[in-house]
Amino acid sequence: MRGLFFTPCFPALQDTYHSLAALEILGGLDRIDREQCVRGILRVHRGRGFFTSPDSGSYNEYHIDGNAQDTIAAYESLRILGALDRVKDLDKWQFRPSRVGVAKGEITWRDIEAWVCQQRLDKILREHKANPSAPYRSLLEP
């Protein structure tokens, strides 16, 4: 998929984030087509922080299933690329924990992770509203 870093059998948005984070640490972001990467991420955004794979038949080959990990990866990738301002509904983003194989009413680490990220995003957006010239902070900062 054009614009995303993709290793077959791995979640494409998470793979993209890991690659961008490594490039950021190593000072290599200037070696990629940032605009194509932003477009690739936004192309699979369906609104409210929900991401899905492009329809390629019956198999989700890009492993983008709209869970909280995909939303975290997309946020962090767009932050690294300086493109969060291009997301028109960032204030409506939700982190949806994966519920596959989880009994109704059971709380898992994925639920806690999604809740913490939602709290952090709300705080980041409040801070950014108070100081729009400041860059968006990472969800992963303490």
# chains A, B, ... in the order shown; residues from 1 in each chain; ligands from 1
>>> select_by_dssp(residues="chain A", states="strand (DSSP E)", output="list in words")
His45, Arg46, Gly47, Phe50 and Phe51 of chain A
>>> atom_distance(atom1="CA of Gly47 in chain A", atom2="CA of Pro142 in chain A")
26.7 Å
>>> residues_around(residues="range 88-105 of chain A", least_positions_apart="2", cutoff="12 Å", atoms="only C-alpha atoms", output="NGL selection string")
:A and (42 or 45-51 or 64-75 or 78-79 or 83-86 or 107-126 or 128-129 or 136 or 139)
>>> write_last_selection(atoms="C-alpha atoms", output="PDB file, in the first residue's frame")
ATOM      1  CA  LEU A  42      -5.221   9.293   6.044  1.00  0.00           C
ATOM      2  CA  HIS A  45      -8.919   6.687   8.200  1.00  0.00           C
ATOM      3  CA  ARG A  46     -12.703   6.349   8.300  1.00  0.00           C
ATOM      4  CA  GLY A  47     -13.298   9.030  10.929  1.00  0.00           C
ATOM      5  CA  ARG A  48     -13.270   9.329  14.714  1.00  0.00           C
ATOM      6  CA  GLY A  49      -9.900   7.582  14.919  1.00  0.00           C
ATOM      7  CA  PHE A  50     -11.183   4.440  13.206  1.00  0.00           C
ATOM      8  CA  PHE A  51      -8.915   2.854  10.600  1.00  0.00           C
ATOM      9  CA  ILE A  64      -5.651  -2.871  10.014  1.00  0.00           C
ATOM     10  CA  ASP A  65      -8.691  -3.655  12.120  1.00  0.00           C
ATOM     11  CA  GLY A  66      -9.478  -0.384  13.873  1.00  0.00           C
ATOM     12  CA  ASN A  67      -8.289  -1.335  17.344  1.00  0.00           C
ATOM     13  CA  ALA A  68      -6.627   1.022  19.822  1.00  0.00           C
ATOM     14  CA  GLN A  69      -3.157  -0.056  18.698  1.00  0.00           C
ATOM     15  CA  ASP A  70      -3.941   1.068  15.136  1.00  0.00           C
ATOM     16  CA  THR A  71      -5.230   4.412  16.398  1.00  0.00           C
ATOM     17  CA  ILE A  72      -2.180   4.921  18.626  1.00  0.00           C
ATOM     18  CA  ALA A  73       0.131   4.053  15.727  1.00  0.00           C
ATOM     19  CA  ALA A  74      -1.680   6.439  13.377  1.00  0.00           C
ATOM     20  CA  TYR A  75      -1.621   9.291  15.921  1.00  0.00           C
ATOM     21  CA  LEU A  78       1.077  11.662  12.065  1.00  0.00           C
ATOM     22  CA  ARG A  79       2.670  13.444  15.040  1.00  0.00           C
ATOM     23  CA  ALA A  83       0.548  16.239  10.127  1.00  0.00           C
ATOM     24  CA  LEU A  84      -1.932  16.004  13.005  1.00  0.00           C
ATOM     25  CA  ASP A  85      -3.311  19.383  11.951  1.00  0.00           C
ATOM     26  CA  ARG A  86      -4.601  17.676   8.789  1.00  0.00           C
ATOM     27  CA  ILE A 107     -11.359  -6.002  31.694  1.00  0.00           C
ATOM     28  CA  THR A 108      -8.085  -6.543  29.870  1.00  0.00           C
ATOM     29  CA  TRP A 109      -4.842  -4.646  29.410  1.00  0.00           C
ATOM     30  CA  ARG A 110      -6.180  -3.519  26.018  1.00  0.00           C
ATOM     31  CA  ASP A 111      -9.132  -1.837  27.772  1.00  0.00           C
ATOM     32  CA  ILE A 112      -6.820  -0.026  30.171  1.00  0.00           C
ATOM     33  CA  GLU A 113      -4.473   1.010  27.362  1.00  0.00           C
ATOM     34  CA  ALA A 114      -7.385   2.452  25.354  1.00  0.00           C
ATOM     35  CA  TRP A 115      -8.730   4.313  28.401  1.00  0.00           C
ATOM     36  CA  VAL A 116      -5.307   5.792  29.261  1.00  0.00           C
ATOM     37  CA  CYS A 117      -4.750   6.900  25.662  1.00  0.00           C
ATOM     38  CA  GLN A 118      -8.182   8.523  25.564  1.00  0.00           C
ATOM     39  CA  GLN A 119      -7.387  10.468  28.752  1.00  0.00           C
ATOM     40  CA  ARG A 120      -3.999  11.511  27.387  1.00  0.00           C
ATOM     41  CA  LEU A 121      -5.447  12.618  24.041  1.00  0.00           C
ATOM     42  CA  ASP A 122      -8.044  14.753  25.804  1.00  0.00           C
ATOM     43  CA  LYS A 123      -5.283  16.403  27.861  1.00  0.00           C
ATOM     44  CA  ILE A 124      -3.060  16.913  24.805  1.00  0.00           C
ATOM     45  CA  LEU A 125      -5.915  18.554  22.909  1.00  0.00           C
ATOM     46  CA  ARG A 126      -6.700  20.889  25.841  1.00  0.00           C
ATOM     47  CA  HIS A 128      -2.834  22.397  22.299  1.00  0.00           C
ATOM     48  CA  LYS A 129      -5.961  24.546  22.326  1.00  0.00           C
ATOM     49  CA  TYR A 136       1.357  17.970  19.753  1.00  0.00           C
ATOM     50  CA  LEU A 139       0.490   9.753  23.733  1.00  0.00           C
TER      51      LEU A 139
END
>>> residues_around(residues="Ser53 in chain A", least_positions_apart="6", cutoff="8 Å", atoms="only C-alpha atoms", output="VMD selection string")
chain A and resid 44 60 to 65
>>> write_last_selection(atoms="N, CA, C and O atoms", output="mmCIF file, in the first residue's frame")
data_model
loop_
_atom_site.group_PDB
_atom_site.id
_atom_site.type_symbol
_atom_site.label_atom_id
_atom_site.label_comp_id
_atom_site.auth_asym_id
_atom_site.auth_seq_id
_atom_site.Cartn_x
_atom_site.Cartn_y
_atom_site.Cartn_z
ATOM 1 N N VAL A 44 -6.662 5.420 4.954
ATOM 2 C CA VAL A 44 -7.344 4.319 5.641
ATOM 3 C C VAL A 44 -8.100 4.797 6.888
ATOM 4 O O VAL A 44 -8.615 3.984 7.650
ATOM 5 N N ASN A 60 -7.933 -9.547 5.118
ATOM 6 C CA ASN A 60 -7.383 -8.293 5.622
ATOM 7 C C ASN A 60 -5.852 -8.381 5.567
ATOM 8 O O ASN A 60 -5.194 -8.571 6.585
ATOM 9 N N GLU A 61 -5.286 -8.233 4.380
ATOM 10 C CA GLU A 61 -3.855 -8.443 4.221
ATOM 11 C C GLU A 61 -3.001 -7.391 4.917
ATOM 12 O O GLU A 61 -1.842 -7.633 5.236
ATOM 13 N N TYR A 62 -3.559 -6.216 5.182
ATOM 14 C CA TYR A 62 -2.788 -5.154 5.837
ATOM 15 C C TYR A 62 -2.941 -5.192 7.358
ATOM 16 O O TYR A 62 -2.307 -4.431 8.062
ATOM 17 N N HIS A 63 -3.814 -6.043 7.860
ATOM 18 C CA HIS A 63 -4.017 -6.226 9.295
ATOM 19 C C HIS A 63 -4.323 -4.914 10.012
ATOM 20 O O HIS A 63 -3.809 -4.642 11.094
ATOM 21 N N ILE A 64 -5.158 -4.095 9.388
ATOM 22 C CA ILE A 64 -5.651 -2.871 10.014
ATOM 23 C C ILE A 64 -7.093 -3.173 10.401
ATOM 24 O O ILE A 64 -7.948 -3.330 9.541
ATOM 25 N N ASP A 65 -7.343 -3.276 11.711
ATOM 26 C CA ASP A 65 -8.691 -3.655 12.120
ATOM 27 C C ASP A 65 -9.365 -2.653 13.045
ATOM 28 O O ASP A 65 -10.382 -2.947 13.650
#
>>> residues_around(residues="Arg2 in chain A", least_positions_apart="4", cutoff="9 Å", atoms="only C-alpha atoms", output="PyMOL selection string")
chain A and resi 36-37+39-40
>>> write_last_selection(atoms="all heavy atoms", output="tab-separated table (two decimals), in the first residue's frame")
chain	number	residue	atom	x	y	z
A	36	GLN	N	3.59	11.27	1.01
A	36	GLN	CA	2.99	9.98	0.64
A	36	GLN	C	2.64	9.18	1.89
A	36	GLN	O	1.62	8.50	1.93
A	36	GLN	CB	3.93	9.17	-0.25
A	36	GLN	CG	3.90	9.57	-1.69
A	36	GLN	CD	2.54	9.40	-2.32
A	36	GLN	OE1	1.75	8.53	-1.95
A	36	GLN	NE2	2.22	10.26	-3.26
A	37	CYS	N	3.48	9.27	2.90
A	37	CYS	CA	3.21	8.54	4.14
A	37	CYS	C	1.96	9.11	4.82
A	37	CYS	O	1.09	8.35	5.25
A	37	CYS	CB	4.43	8.64	5.06
A	37	CYS	SG	4.41	7.43	6.38
A	39	ARG	N	-0.50	10.71	3.38
A	39	ARG	CA	-1.65	10.31	2.55
A	39	ARG	C	-2.02	8.85	2.77
A	39	ARG	O	-3.20	8.50	2.81
A	39	ARG	CB	-1.35	10.54	1.08
A	39	ARG	CG	-1.42	11.97	0.67
A	39	ARG	CD	-1.29	12.08	-0.84
A	39	ARG	NE	-0.86	13.41	-1.20
A	39	ARG	CZ	-0.14	13.70	-2.26
A	39	ARG	NH1	0.25	12.73	-3.08
A	39	ARG	NH2	0.19	14.95	-2.52
A	40	GLY	N	-1.01	7.99	2.88
A	40	GLY	CA	-1.27	6.57	3.11
A	40	GLY	C	-2.02	6.33	4.41
A	40	GLY	O	-2.94	5.51	4.47
>>> closest_residue(among="A:Leu140, A:Ala134, A:Ile41, A:Ala22", to="Val87 in chain A", atoms="only C-alpha atoms")
A:Ile41
>>> select_by_dssp(residues="range 60-111 of chain A", states="alpha helix (DSSP H)", output="PyMOL selection string")
chain A and resi 68-80+109-111
>>> atom_distance(atom1="CA of Ser138 in chain A", atom2="CA of Ile25 in chain A")
14.3 Å
>>> atom_distance(atom1="CA of His18 in chain A", atom2="CA of Glu35 in chain A")
17.5 Å
